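> Have a look at this one before I ask anything.
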Protein chains: 2
Amino acid sequence: MKIDFCNLQEVQAKYEEIQNKGYAMDLTRGKPHADQLNLANDLLSEDKDSLFNNSVDLRNYGEILGLSECRKMGSEIIGCSERQVIAGGNSSLTIMYQYLSSLYFDGFGKQPWSQEERVSIICPVPGFDRHFKLCEMFGMNMISVPLTGSGPDMDQVEDLIKKDSSIKGIWCVPKHSNPTGETYSTSCVERLINLPSLAKGDFKILWDNAYAVHDFKDSEILPNIFKMAEKQGVLDSVIAFASTSKITFAGGGVGFIAMSEDNLNNFLHHYSAMVIGPDKINQQRHINFFLKSGGIKNHMLKHADILRPKFECVHEWLLKQEHGTWTQPTGGYFVSFMSKPGLAKEIISLAAKSGLKLTKAGATYPYGVDPEDRNIRLAPTACSLEELHIAMEVFIVCLSLATLQIS
Amino acid sequence: MKIDFCNLQEVQAKYEEIQNKGYAMDLTRGKPHADQLNLANDLLSEDKDSLFNNSVDLRNYGEILGLSECRKMGSEIIGCSERQVIAGGNSSLTIMYQYLSSLYFDGFGKQPWSQEERVSIICPVPGFDRHFKLCEMFGMNMISVPLTGSGPDMDQVEDLIKKDSSIKGIWCVPKHSNPTGETYSTSCVERLINLPSLAKGDFKILWDNAYAVHDFKDSEILPNIFKMAEKQGVLDSVIAFASTSKITFAGGGVGFIAMSEDNLNNFLHHYSAMVIGPDKINQQRHINFFLKSGGIKNHMLKHADILRPKFECVHEWLLKQEHGTWTQPTGGYFVSFMSKPGLAKEIISLAAKSGLKLTKAGATYPYGVDPEDRNIRLAPTACSLEELHIAMEVFIVCLSLATLQIS
């Protein structure tokens, strides 16, 4: 039966019906579905002998920068030179932590951030909660700047930097941003690398390119910040991150960090105190896998085929209501939904009572506070298409109920 | 030809002879030899299907504490309960860093170490350079206390703690200590857990049990600090580390941290901001491997057979001279040699010129300074027995030359 999502009675009836279904669904995390993980199962069946055809003993200590061919893989994802990349362990989050730690304790000739009165970081919002958690841990002050659909509002960024000398960096998810899905435009990246703090060597662009190759439809091309920054003479300000977590195995991939060779040599001093070296066996498995399977781009086409229908499903359901606005990403893992102000918590709470877990309200903002209480991050990848249909119906019902109840 | 290592002329002649050999040998790092790594090669040939017989999808995100059976493995190595263990990534060093970071930034109800005027850590010497590097990074003041052959000099430790309230912890490698090979006695561990700072909840015993199951001869039994500390009501002061790096693959093992469940729950708050979860596939491979191969203890007997002759070789060569003293470990990875005072740098430099790399002088002391310049850490595991014979001859020649030249 088709419901009129503007009719409170109909919505209420549907909401009550849902309560009795005993649903247990989850749209919280940007996790790949088993169907996607299956695409990389040949990582596991690797012939043992092939792991010994290497000039280094993959089983022993050593190669702290990662295997050369694996660094090359990272450089292709990020768009830089192999010599600018460290191929690390299974998580780019851990490498981000380690890099921030090096700025905090070391500083590389500049004053370490631990000794600054105050260090502020610009956080485009809505953004990635784990970036915010890292800042909190290091006591970094977070300043929100809205995203525009093609990157952060650069007028505001430029203005803030003029006024506040404590600002030392900006978090960016430049492609298919988490959660808004947007890709930074050329003019946005131009303005980023032209910020005066960069020329002073006192600013870091934390470039978390988590979805660099994660298009599921034709997508805008992200400008190459390494090339642009090098031309501008500010390459030392760019620190990029990536991983194969959403390419091969989410829990068993390879994480990367990339930066100028000078930066990298400095960082290595700190990094080598924390890290004994990556799991080279897993790195070699990745190298072998992509050699056999036709490379990362080809592999990601298969992911796209799995993801596309899920995002279409979300979009089709959202079209059935008029209680908010939402993004239509061409890649990445999220749809960002904006309800009427003051409703996100209520919608999420109604959904929870209906057996649908949604990302905590406020999670996409620094300190966990969405000032307008309206952003809801939808992560449609982890469940099956069948479940997603049900989850989206529940979402629309809860959204409609919350909206109609206040009007 | 047999040389008289007390005859300067004979030693000089031999030293010159060695210069022309073009040797390239290395006794610096506690690395397993390929023969040892070969013992675990079945980790690599794991049947792919067996990795899917699990209630969790090993390939995806999740299980931040590690797989239950892998935590159990850690608990058996460390001697505690499974619920007290996190099974992490491939390096206990990284977990040590992460734990110190949590004390520094978080503090768990106590003042975070970052906010203390001064934090001092007792470092038994000679000790493990990477522990010292970690302290340096966090700006922790290191206070050396000599080892006695059965643990640190507890008179000194007790005395220091009475006088200096900035002392917040002690590094321990309690079994087959790096590099002295000694194992802490029951009375030493008793006195450690009875330190008054523990009862105040203001002290951490950083228990790096890196060689917990690494005996190659009959060894003294290390008392179980978890049981003793629990009985004493000071379990929150014990933080243990271990790994399978020197059990399976040095670069691709599993690292562990263990502590009271209360501590663990507190730590998890910090840990989960840095870590997305371990590589569960590698953990499951380890579980499967030890199920099939008869368990860790059995596996370590095979390591012992490879290591024993190497340590015997070192001892036999050292018996040929009278220029210093040395340890006779029954497990672990090192022999600790003490030359006459003021000679370690010179011996190491002579060896370098002869094609034999030795651990940097001072590395076994905080801040890289051996106050008497006499400790040399010998790591005989990484080379073959044949190479080791040559390396030890070179060492004895260089040692003798340096000693005779000053007398």
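Chain lettering (A, B, ...) mirrors the order of the structure tokens, residue numbering begins at 1 for each chain separately, and ligand numbering begins at 1 in order of display.
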Skipping near chain neighbours, those fewer than 2 positions away, what residues fall within 6 Å of range 316-331 of chain A using only C-alpha atoms, listed as a VMD selection string?

chain A and resid 176 181 214 to 217 219 313 to 314 335 to 339

> Residues of chain A that approach chain B to 9 Å or less, counting only C-alpha atoms: could you list each one with the shortest pair of atoms and its distance in Å to one decimal, rows by chain and increasing residue number, as CSV?


```
residue,atom,partner,partner_atom,distance
A:Lys31,CA,B:Tyr61,CA,7.0
A:Pro32,CA,B:Asn60,CA,7.2
A:His33,CA,B:Asn60,CA,8.3
A:Ala34,CA,B:Asn60,CA,7.9
A:Leu37,CA,B:Arg59,CA,6.8
A:Asn41,CA,B:Lys48,CA,8.4
A:Asp42,CA,B:Lys48,CA,8.7
A:Leu44,CA,B:Lys48,CA,5.7
A:Ser45,CA,B:Lys48,CA,5.6
A:Glu46,CA,B:Ser45,CA,8.0
A:Asp47,CA,B:Ser45,CA,7.2
A:Lys48,CA,B:Ser45,CA,5.6
A:Leu51,CA,B:Leu44,CA,8.5
A:Asp57,CA,B:Ala34,CA,8.0
A:Leu58,CA,B:Gly251,CA,7.3
A:Arg59,CA,B:Phe249,CA,5.1
A:Asn60,CA,B:Ala250,CA,4.7
A:Tyr61,CA,B:Gly251,CA,4.6
A:Gly62,CA,B:Gly251,CA,7.3
A:Gly89,CA,B:Gly89,CA,8.0
A:Asn90,CA,B:Asp279,CA,6.6
A:Ser91,CA,B:Ile276,CA,6.5
A:Ser92,CA,B:Ile276,CA,8.8
A:Leu93,CA,B:Met274,CA,6.3
A:Thr94,CA,B:Met274,CA,5.1
A:Ile95,CA,B:Met274,CA,8.5
A:Met96,CA,B:Met274,CA,8.2
A:Tyr97,CA,B:Met274,CA,5.9
A:Gln98,CA,B:Met274,CA,8.5
A:Phe105,CA,B:Met137,CA,6.7
A:Asp106,CA,B:Met137,CA,8.0
A:Arg130,CA,B:Ala273,CA,6.9
A:Lys133,CA,B:Ala273,CA,6.3
A:Leu134,CA,B:Ala273,CA,6.4
A:Met137,CA,B:Phe105,CA,6.7
A:Phe138,CA,B:Phe105,CA,7.1
A:Gly139,CA,B:Phe105,CA,8.5
A:Ser245,CA,B:Asn60,CA,8.6
A:Thr248,CA,B:Arg59,CA,8.6
A:Phe249,CA,B:Arg59,CA,5.1
A:Ala250,CA,B:Asn60,CA,4.7
A:Gly251,CA,B:Tyr61,CA,4.6
A:Gly252,CA,B:Asp279,CA,4.8
A:Gly253,CA,B:Asp279,CA,8.1
A:His270,CA,B:Met137,CA,7.9
A:Ala273,CA,B:Lys133,CA,6.3
A:Met274,CA,B:Thr94,CA,5.1
A:Val275,CA,B:Thr94,CA,5.4
A:Ile276,CA,B:Ser91,CA,6.5
A:Gly277,CA,B:Gly251,CA,6.6
A:Pro278,CA,B:Gly251,CA,6.6
A:Asp279,CA,B:Gly252,CA,4.8
A:Lys280,CA,B:Gly251,CA,6.9
A:Ile281,CA,B:Gly252,CA,6.9
A:Asn282,CA,B:Gly252,CA,8.2
```

> Residues at most 9 Å from Leu8 in chain A, counting only C-alpha atoms, excluding those fewer than 6 positions away in the same chain, as JSON, numbers by chain?

{"A": [400, 401, 404, 405]}

> Go ahead and compute the interatomic distance for CA of Glu69 in chain A and CA of Ile239 in chain A, in Å to one decimal.

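CA of Ile239 in chain A lies 20.5 Å from CA of Glu69 in chain A.
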
> Between A:Tyr23, A:Tyr333, A:Phe395, A:Tyr99, which one has atoms that come closest to Thr180 in chain A, using only C-alpha atoms?

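Checking each of A:Tyr23, A:Tyr333, A:Phe395, A:Tyr99 against Thr180 in chain A, counting only C-alpha atoms, the winner is A:Tyr333.
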
> To one decimal in Å, tell me the separation between CA of Ala391 in chain A and CA of Lys340 in chain A.

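Separation of CA of Ala391 in chain A and CA of Lys340 in chain A: 20.4 Å.
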
> Give me, as a list in words, all polymer residues having an atom no more than 10 Å from Ile376 in chain A, counting only C-alpha atoms and skipping those fewer than 5 positions away in the same chain.

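Returned residues: Thr28, Pro126, Pro179, Trp326, Val335, Ser336, Phe337, Met338, Ser339, Leu343, Ala344, Lys345, Ile347, Ile348, Leu358, Thr359, Lys360, Ala361, Gly362, Ala363, Thr364 and Asp370 of chain A.
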
> Filtering to C-alpha atoms, could you give me those residues as an mmCIF file, in the first residue's frame?


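Written out: out34.cif:
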```
data_model
loop_
_atom_site.group_PDB
_atom_site.id
_atom_site.type_symbol
_atom_site.label_atom_id
_atom_site.label_comp_id
_atom_site.auth_asym_id
_atom_site.auth_seq_id
_atom_site.Cartn_x
_atom_site.Cartn_y
_atom_site.Cartn_z
ATOM 1 C CA THR A 28 25.673 3.419 10.659
ATOM 2 C CA PRO A 126 29.554 17.721 8.059
ATOM 3 C CA PRO A 179 29.456 12.119 4.382
ATOM 4 C CA TRP A 326 20.024 14.968 0.522
ATOM 5 C CA VAL A 335 24.425 9.866 1.671
ATOM 6 C CA SER A 336 24.157 13.014 3.765
ATOM 7 C CA PHE A 337 20.599 13.884 4.719
ATOM 8 C CA MET A 338 19.449 17.230 6.116
ATOM 9 C CA SER A 339 16.155 17.233 7.985
ATOM 10 C CA LEU A 343 14.883 16.964 14.184
ATOM 11 C CA ALA A 344 17.914 14.740 13.639
ATOM 12 C CA LYS A 345 18.031 13.401 17.200
ATOM 13 C CA ILE A 347 14.413 10.885 13.836
ATOM 14 C CA ILE A 348 17.368 8.777 14.913
ATOM 15 C CA LEU A 358 21.522 5.262 12.394
ATOM 16 C CA THR A 359 24.761 7.170 12.976
ATOM 17 C CA LYS A 360 24.512 9.126 16.222
ATOM 18 C CA ALA A 361 23.176 12.648 15.770
ATOM 19 C CA GLY A 362 26.008 15.153 15.883
ATOM 20 C CA ALA A 363 28.665 12.576 14.976
ATOM 21 C CA THR A 364 29.446 14.421 11.764
ATOM 22 C CA ASP A 370 25.400 19.480 15.182
#
```

> So what do you get for CA of Leu350 in chain A versus CA of Asn375 in chain A, distance-wise?

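Going from CA of Leu350 in chain A over to CA of Asn375 in chain A covers 15.2 Å.
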
> Write out as a VMD selection string all residues of range 95-294 of chain A that backbone DSSP assigns to alpha helix (DSSP H).

chain A and resid 95 to 105 129 to 137 154 to 163 186 to 193 196 to 199 225 to 232 261 to 274 280 to 293

> Check the smallest atom-to-atom distance from each of B:Ile247, B:Cys6, B:Val254, B:Leu385 to Glu312 in chain B using only C-alpha atoms, then report the winner.

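For Glu312 in chain B, the nearest of the given residues is B:Leu385.
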
> When distances are computed from only C-alpha atoms, which of B:Met142, B:Val125, B:Leu39, B:Ala242 shows the smallest separation from Glu182 in chain B?

B:Val125

> Going by DSSP on the backbone, which bits of range 124-248 of chain A are strand (DSSP E)? Write them as a list in words, please.

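Selection result, strand (DSSP E) within range 124-248 of chain A: Pro124, Val125, Asn141, Met142, Ile143, Ser144, Val145, Pro146, Ile167, Lys168, Gly169, Ile170, Trp171, Cys172, Lys204, Ile205, Leu206, Trp207, Asp208, Val238, Ile239, Ala240, Phe241, Ala242 and Ser243 of chain A.
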